[in-house]
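For reference, the structure is listed below as structure tokens.
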Amino acid sequence: MTTKANILLIYTGGTIGMIKNFETGALKAFNFDELLQNIPEIKLLENNIDTVSFERPIDSSNMKPEFWLQIARIVERNYEEYDGFVVLHGSDTMSYSASALSFMFENLTKPIIFTGSQLPIGDLRTDAKENLITSIQIAGLQRHGTPVINEVCLYFEYKLYRANRTTKVNAEHFEAFDSPNYPPLVESGVHLSVNHEALWKPNRRRQMKLHTGINDQIALVKIFPGINQSLMEHILSYEGLKGVILETYGSGNAPTEDWFINLLKQTINKGIYIVNVTQCIGGSINMGQYETSSQLKKIGVVSGRDLTTEAAVAKLMYLLAQDLSPKVFKTIFETSLRGEML
Ligand code: ASP
């Protein structure tokens, strides 16, 4: 006998639930109940679905860590009662939020699936219905009474991805996301094809733990040909700065000019972490492969390996709140915690 899975649908905002302001033509978030009325199909699903909404739904460009915590608290409060969670979220910052939640939840043994859409649910050509309905179905997948998915994921346009491997790659196509360094976990065709090999394998004896600490005193710096000393000095002298994500070229390469290396070295000596991630869409940091990255390795830059920038931001904010010694911080950052890196 199969039992119906209990799914909690959490609405935070995003295009999926927006309507057009007829005066300005701009899209803005609207009421969640109206949103549900646009998807009568939801009642045909086998799962029991309850819903909860942000009091004021937001465009995800207004997302911030306090809202990550709000989503996390909703999941935590309802963790025992539900078999899976589906978070409706704007696509613009979905990879950041979903990555953040993947670090905040340790020993997750249930799915938290983020989804949204490129067109509002009320639009005739909307992609919202498929995204929402399949996300709910995947969140409800069970095997021998336990959830098949046990991690934070992102579902969009027929593919379920590990959330902390995703990045938004297209503002126009329905296929808005990609997971360049990790295969999809589920592909939705006539059947749902689950890539069991790729799934996170939880230890069910361990208790789920929510880490609520997030330190957002960080900077994200993308280097470019011609980046100059005073700009870098300004950024790195920001008071309170605790960590920097440096988006470098290729496999982690950067200018070798003395001012650049010395500035990074002084910053690291002040106790500020510098994490190297690539500007490339796929592939990994490999400091030491070229002369243009050997110095970075030598001065103690942390390798972000094959992390997406979104996951690097989330991991940095999460680990900065843990109060680790510099050596431990570097070791832990360079270790995969939730399947986010090689
Ligand atoms: N601006 C919207 C948001 O991120 C875009 C979307 O939902 O796709 O909230």
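Starting from 1 in every chain, residues are counted up; chains themselves are A, B, ... following the order of the structure tokens, and ligands are numbered from 1 as listed.
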All residues having an atom within 12 Å of ligand 1 (only C-alpha atoms and all ligand atoms) as a compact mmCIF listing (two decimals) with N, CA, C and O atoms, in the first residue's frame:
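Output (result_13.txt):
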# COMPACT_ATOMS: atom_id res chain seq x y z
N TYR A 11 5.30 29.68 -0.45
CA TYR A 11 5.32 30.71 -1.50
C TYR A 11 6.06 31.95 -1.01
O TYR A 11 5.66 32.58 -0.04
N THR A 12 7.14 32.29 -1.71
CA THR A 12 7.92 33.47 -1.31
C THR A 12 7.74 34.63 -2.30
O THR A 12 8.08 35.76 -1.99
N GLY A 13 7.26 34.31 -3.51
CA GLY A 13 7.09 35.35 -4.54
C GLY A 13 7.68 34.90 -5.86
O GLY A 13 7.78 33.71 -6.13
N GLY A 14 8.06 35.85 -6.70
CA GLY A 14 8.64 35.51 -8.01
C GLY A 14 7.61 35.58 -9.12
O GLY A 14 6.39 35.69 -8.86
N THR A 15 8.09 35.51 -10.34
CA THR A 15 7.23 35.62 -11.53
C THR A 15 6.04 34.68 -11.49
O THR A 15 4.94 35.03 -11.92
N ILE A 16 6.27 33.47 -10.99
CA ILE A 16 5.22 32.44 -10.98
C ILE A 16 3.89 33.01 -10.46
O ILE A 16 2.83 32.68 -10.98
N GLY A 17 3.94 33.86 -9.47
CA GLY A 17 2.70 34.37 -8.87
C GLY A 17 2.46 35.84 -9.17
O GLY A 17 1.76 36.52 -8.44
N MET A 18 3.05 36.34 -10.26
CA MET A 18 2.90 37.78 -10.52
C MET A 18 1.78 38.09 -11.51
O MET A 18 1.39 37.23 -12.31
N ILE A 19 1.31 39.31 -11.46
CA ILE A 19 0.37 39.80 -12.48
C ILE A 19 0.89 41.14 -13.00
O ILE A 19 1.68 41.81 -12.34
N ALA A 26 4.47 46.63 -15.67
CA ALA A 26 5.49 45.86 -14.93
C ALA A 26 4.84 44.73 -14.13
O ALA A 26 3.69 44.84 -13.69
N LEU A 27 5.60 43.64 -13.94
CA LEU A 27 5.08 42.50 -13.18
C LEU A 27 5.29 42.73 -11.69
O LEU A 27 6.36 43.16 -11.27
N LYS A 28 4.26 42.42 -10.88
CA LYS A 28 4.47 42.48 -9.43
C LYS A 28 3.77 41.28 -8.77
O LYS A 28 2.84 40.69 -9.34
N ALA A 29 4.26 40.93 -7.57
CA ALA A 29 3.77 39.74 -6.87
C ALA A 29 2.30 39.91 -6.47
O ALA A 29 1.86 41.01 -6.17
N PHE A 30 1.54 38.81 -6.50
CA PHE A 30 0.16 38.92 -6.03
C PHE A 30 -0.20 37.78 -5.09
O PHE A 30 0.63 36.93 -4.77
N PRO A 57 4.78 38.66 -0.43
CA PRO A 57 5.62 37.99 -1.43
C PRO A 57 6.56 38.99 -2.11
O PRO A 57 6.20 40.16 -2.28
N ILE A 58 7.75 38.52 -2.47
CA ILE A 58 8.75 39.45 -3.03
C ILE A 58 9.23 39.01 -4.41
O ILE A 58 9.19 37.83 -4.74
N ASP A 59 9.70 39.97 -5.15
CA ASP A 59 10.50 39.67 -6.33
C ASP A 59 11.85 39.22 -5.74
O ASP A 59 12.36 39.85 -4.82
N SER A 60 12.41 38.15 -6.26
CA SER A 60 13.59 37.59 -5.60
C SER A 60 14.83 38.47 -5.71
O SER A 60 15.85 38.19 -5.08
N SER A 61 14.74 39.56 -6.47
CA SER A 61 15.85 40.51 -6.47
C SER A 61 15.95 41.20 -5.11
O SER A 61 16.98 41.78 -4.78
N ASN A 62 14.89 41.16 -4.34
CA ASN A 62 14.91 41.72 -2.99
C ASN A 62 15.25 40.68 -1.93
O ASN A 62 15.10 40.92 -0.73
N MET A 63 15.69 39.51 -2.37
CA MET A 63 16.01 38.44 -1.41
C MET A 63 17.21 38.84 -0.56
O MET A 63 18.10 39.55 -1.02
N LEU A 88 8.33 28.00 -3.69
CA LEU A 88 8.14 28.82 -4.90
C LEU A 88 8.90 30.12 -4.71
O LEU A 88 8.69 30.85 -3.74
N HIS A 89 9.78 30.41 -5.66
CA HIS A 89 10.76 31.47 -5.47
C HIS A 89 11.06 32.08 -6.84
O HIS A 89 11.07 31.38 -7.85
N GLY A 90 11.34 33.37 -6.89
CA GLY A 90 11.74 33.99 -8.15
C GLY A 90 13.02 33.35 -8.67
O GLY A 90 13.86 32.90 -7.89
N SER A 91 13.13 33.31 -10.00
CA SER A 91 14.30 32.60 -10.55
C SER A 91 15.59 33.42 -10.45
O SER A 91 16.67 32.86 -10.46
N ASP A 92 15.47 34.75 -10.32
CA ASP A 92 16.68 35.57 -10.38
C ASP A 92 17.72 35.19 -9.32
O ASP A 92 18.91 35.13 -9.61
N THR A 93 17.29 34.97 -8.11
CA THR A 93 18.26 34.64 -7.05
C THR A 93 18.01 33.26 -6.45
O THR A 93 18.47 32.95 -5.36
N MET A 94 17.28 32.43 -7.21
CA MET A 94 16.91 31.12 -6.68
C MET A 94 18.13 30.27 -6.34
O MET A 94 18.16 29.58 -5.31
N SER A 95 19.16 30.32 -7.18
CA SER A 95 20.34 29.49 -6.92
C SER A 95 21.06 29.93 -5.63
O SER A 95 21.63 29.10 -4.93
N TYR A 96 21.02 31.23 -5.34
CA TYR A 96 21.65 31.70 -4.09
C TYR A 96 20.86 31.17 -2.88
O TYR A 96 21.44 30.63 -1.95
N SER A 97 19.54 31.36 -2.91
CA SER A 97 18.73 30.96 -1.76
C SER A 97 18.79 29.46 -1.54
O SER A 97 18.95 28.98 -0.41
N PHE A 114 13.19 23.85 -4.71
CA PHE A 114 12.90 25.21 -5.15
C PHE A 114 12.45 25.17 -6.60
O PHE A 114 13.03 24.48 -7.43
N THR A 115 11.41 25.93 -6.89
CA THR A 115 10.99 26.08 -8.29
C THR A 115 10.33 27.44 -8.49
O THR A 115 10.07 28.17 -7.53
N GLY A 116 10.09 27.77 -9.74
CA GLY A 116 9.46 29.04 -10.08
C GLY A 116 9.13 28.97 -11.55
O GLY A 116 8.88 27.88 -12.07
N SER A 117 9.16 30.10 -12.23
CA SER A 117 8.86 30.04 -13.67
C SER A 117 9.33 31.31 -14.35
O SER A 117 9.60 32.32 -13.70
N GLN A 118 9.38 31.23 -15.68
CA GLN A 118 9.77 32.40 -16.48
C GLN A 118 8.55 33.24 -16.84
O GLN A 118 8.66 34.42 -17.11
N LEU A 119 7.37 32.58 -16.90
CA LEU A 119 6.12 33.31 -17.18
C LEU A 119 5.15 33.10 -16.03
O LEU A 119 5.11 32.02 -15.44
N PRO A 120 4.34 34.12 -15.70
CA PRO A 120 3.38 33.98 -14.60
C PRO A 120 2.41 32.81 -14.84
O PRO A 120 2.14 32.44 -15.99
N ILE A 121 1.90 32.28 -13.75
CA ILE A 121 1.04 31.11 -13.84
C ILE A 121 -0.25 31.40 -14.62
O ILE A 121 -0.84 30.50 -15.21
N THR A 126 2.40 29.65 -20.02
CA THR A 126 3.24 29.56 -18.83
C THR A 126 4.00 28.23 -18.69
O THR A 126 3.49 27.17 -19.07
N ASP A 127 5.19 28.32 -18.12
CA ASP A 127 5.98 27.14 -17.77
C ASP A 127 5.76 26.79 -16.30
O ASP A 127 6.32 25.83 -15.78
N ALA A 128 4.92 27.58 -15.63
CA ALA A 128 4.77 27.43 -14.17
C ALA A 128 4.08 26.13 -13.77
O ALA A 128 4.45 25.51 -12.78
N PHE A 156 13.48 22.91 -12.70
CA PHE A 156 13.11 23.87 -13.74
C PHE A 156 13.16 23.18 -15.08
O PHE A 156 14.15 22.50 -15.40
N LYS A 168 21.72 30.43 -12.74
CA LYS A 168 20.76 30.90 -13.75
C LYS A 168 21.55 31.32 -14.98
O LYS A 168 22.45 32.16 -14.89
N VAL A 169 21.23 30.72 -16.12
CA VAL A 169 22.02 30.97 -17.33
C VAL A 169 21.25 31.69 -18.43
O VAL A 169 21.84 32.11 -19.41
N ASN A 170 19.92 31.82 -18.28
CA ASN A 170 19.16 32.42 -19.37
C ASN A 170 17.95 33.19 -18.85
O ASN A 170 17.18 32.67 -18.04
N ALA A 171 17.79 34.42 -19.33
CA ALA A 171 16.67 35.24 -18.89
C ALA A 171 15.48 35.13 -19.84
O ALA A 171 14.44 35.74 -19.61
N GLU A 172 15.65 34.36 -20.90
CA GLU A 172 14.64 34.28 -21.94
C GLU A 172 14.09 32.86 -22.10
O GLU A 172 12.89 32.64 -22.17
N HIS A 173 14.98 31.90 -22.14
CA HIS A 173 14.55 30.51 -22.37
C HIS A 173 13.85 29.93 -21.15
O HIS A 173 14.17 30.29 -20.02
N PHE A 174 12.94 28.99 -21.40
CA PHE A 174 12.33 28.29 -20.28
C PHE A 174 13.40 27.48 -19.53
O PHE A 174 13.31 27.29 -18.33
N GLU A 175 14.40 27.01 -20.28
CA GLU A 175 15.50 26.29 -19.63
C GLU A 175 16.46 27.34 -19.05
O GLU A 175 17.48 27.67 -19.65
N ALA A 176 16.09 27.88 -17.90
CA ALA A 176 16.80 29.04 -17.35
C ALA A 176 18.02 28.66 -16.53
O ALA A 176 18.88 29.50 -16.27
N PHE A 177 18.08 27.40 -16.09
CA PHE A 177 19.16 27.01 -15.17
C PHE A 177 20.04 25.93 -15.79
O PHE A 177 19.63 25.19 -16.68
Backbone DSSP call of alpha helix (DSSP H) for segment 221-270 of chain A, listed as a list in words
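Matching residues for alpha helix (DSSP H) in segment 221-270 of chain A are Gln229, Ser230, Leu231, Met232, Glu233, His234, Ile235, Leu236, Asp258, Trp259, Phe260, Ile261, Asn262, Leu263, Leu264, Lys265, Gln266, Thr267, Ile268 and Asn269 of chain A.
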Using Å and a single decimal, report how far atom CA of Leu246 of chain A sits from atom CA of Asn228 of chain A.
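The value is 14.5 Å.
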Quick one: residues within 10 Å of Ile272 of chain A, only C-alpha atoms counted, chain neighbours fewer than 6 positions away excluded, as a list in words?
Ile218, Leu236, Gly240, Leu241, Lys242, Gly243, Val244, Leu264, Lys265, Gln266 and Pro326 of chain A
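Residue nearest Ile74 of chain A, chosen from A:Leu8, A:Ile42, A:Ala312, A:Gly288 and counting only C-alpha atoms: A:Leu8.
You can rank A:Ser294, A:Gln207, A:Ser284, A:Ser325 by their closest distance to Ala254 of chain A using only C-alpha atoms, and at the top of that list sits A:Ser294.
Checking A:Pro111, A:Gly25, A:Gly283, A:Gly213 one by one against Gly304 of chain A, counting only C-alpha atoms, you find the shortest gap at A:Gly283.
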Spatial neighbours of Ala139 of chain A, 6 Å, only C-alpha atoms, chain gap at least 2 places, as an MDAnalysis selection string:
chainID A and resid 84 111 136:137 141
Best match for closeness to Glu247 of chain A among A:Phe32, A:Tyr161, A:Tyr318, A:Phe224, counting only C-alpha atoms
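Looking only at the distances to Glu247 of chain A, the closest residue turns out to be A:Phe224.
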How would you write, as a ChimeraX atom specification, the set of residues in segment 145-263 of chain A that DSSP gives as strand (DSSP E)?
/A:146-147,152-156,159-162,167-168,177-178,186-188,192-194,209-210,218-222,243-248
Residues within 10 Å of Asn164 of chain A, only C-alpha atoms, excluding chain neighbours under 5 positions, as a PyMOL selection string:
chain A and resi 95-103+151-154+179+182+307-312+314-315+338-341
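Neighbours of Glu41 of chain A closer than or equal to 9 Å, with only C-alpha atoms counted and sequence neighbours fewer than 4 positions away skipped, come out as Leu45, Lys129 and Ile133 of chain A.
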Could you check how far atom CA of Leu316 of chain A sits from atom CA of Phe67 of chain A, in Å to one decimal?
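Taking atom CA of Leu316 of chain A and atom CA of Phe67 of chain A, their separation equals 17.4 Å.
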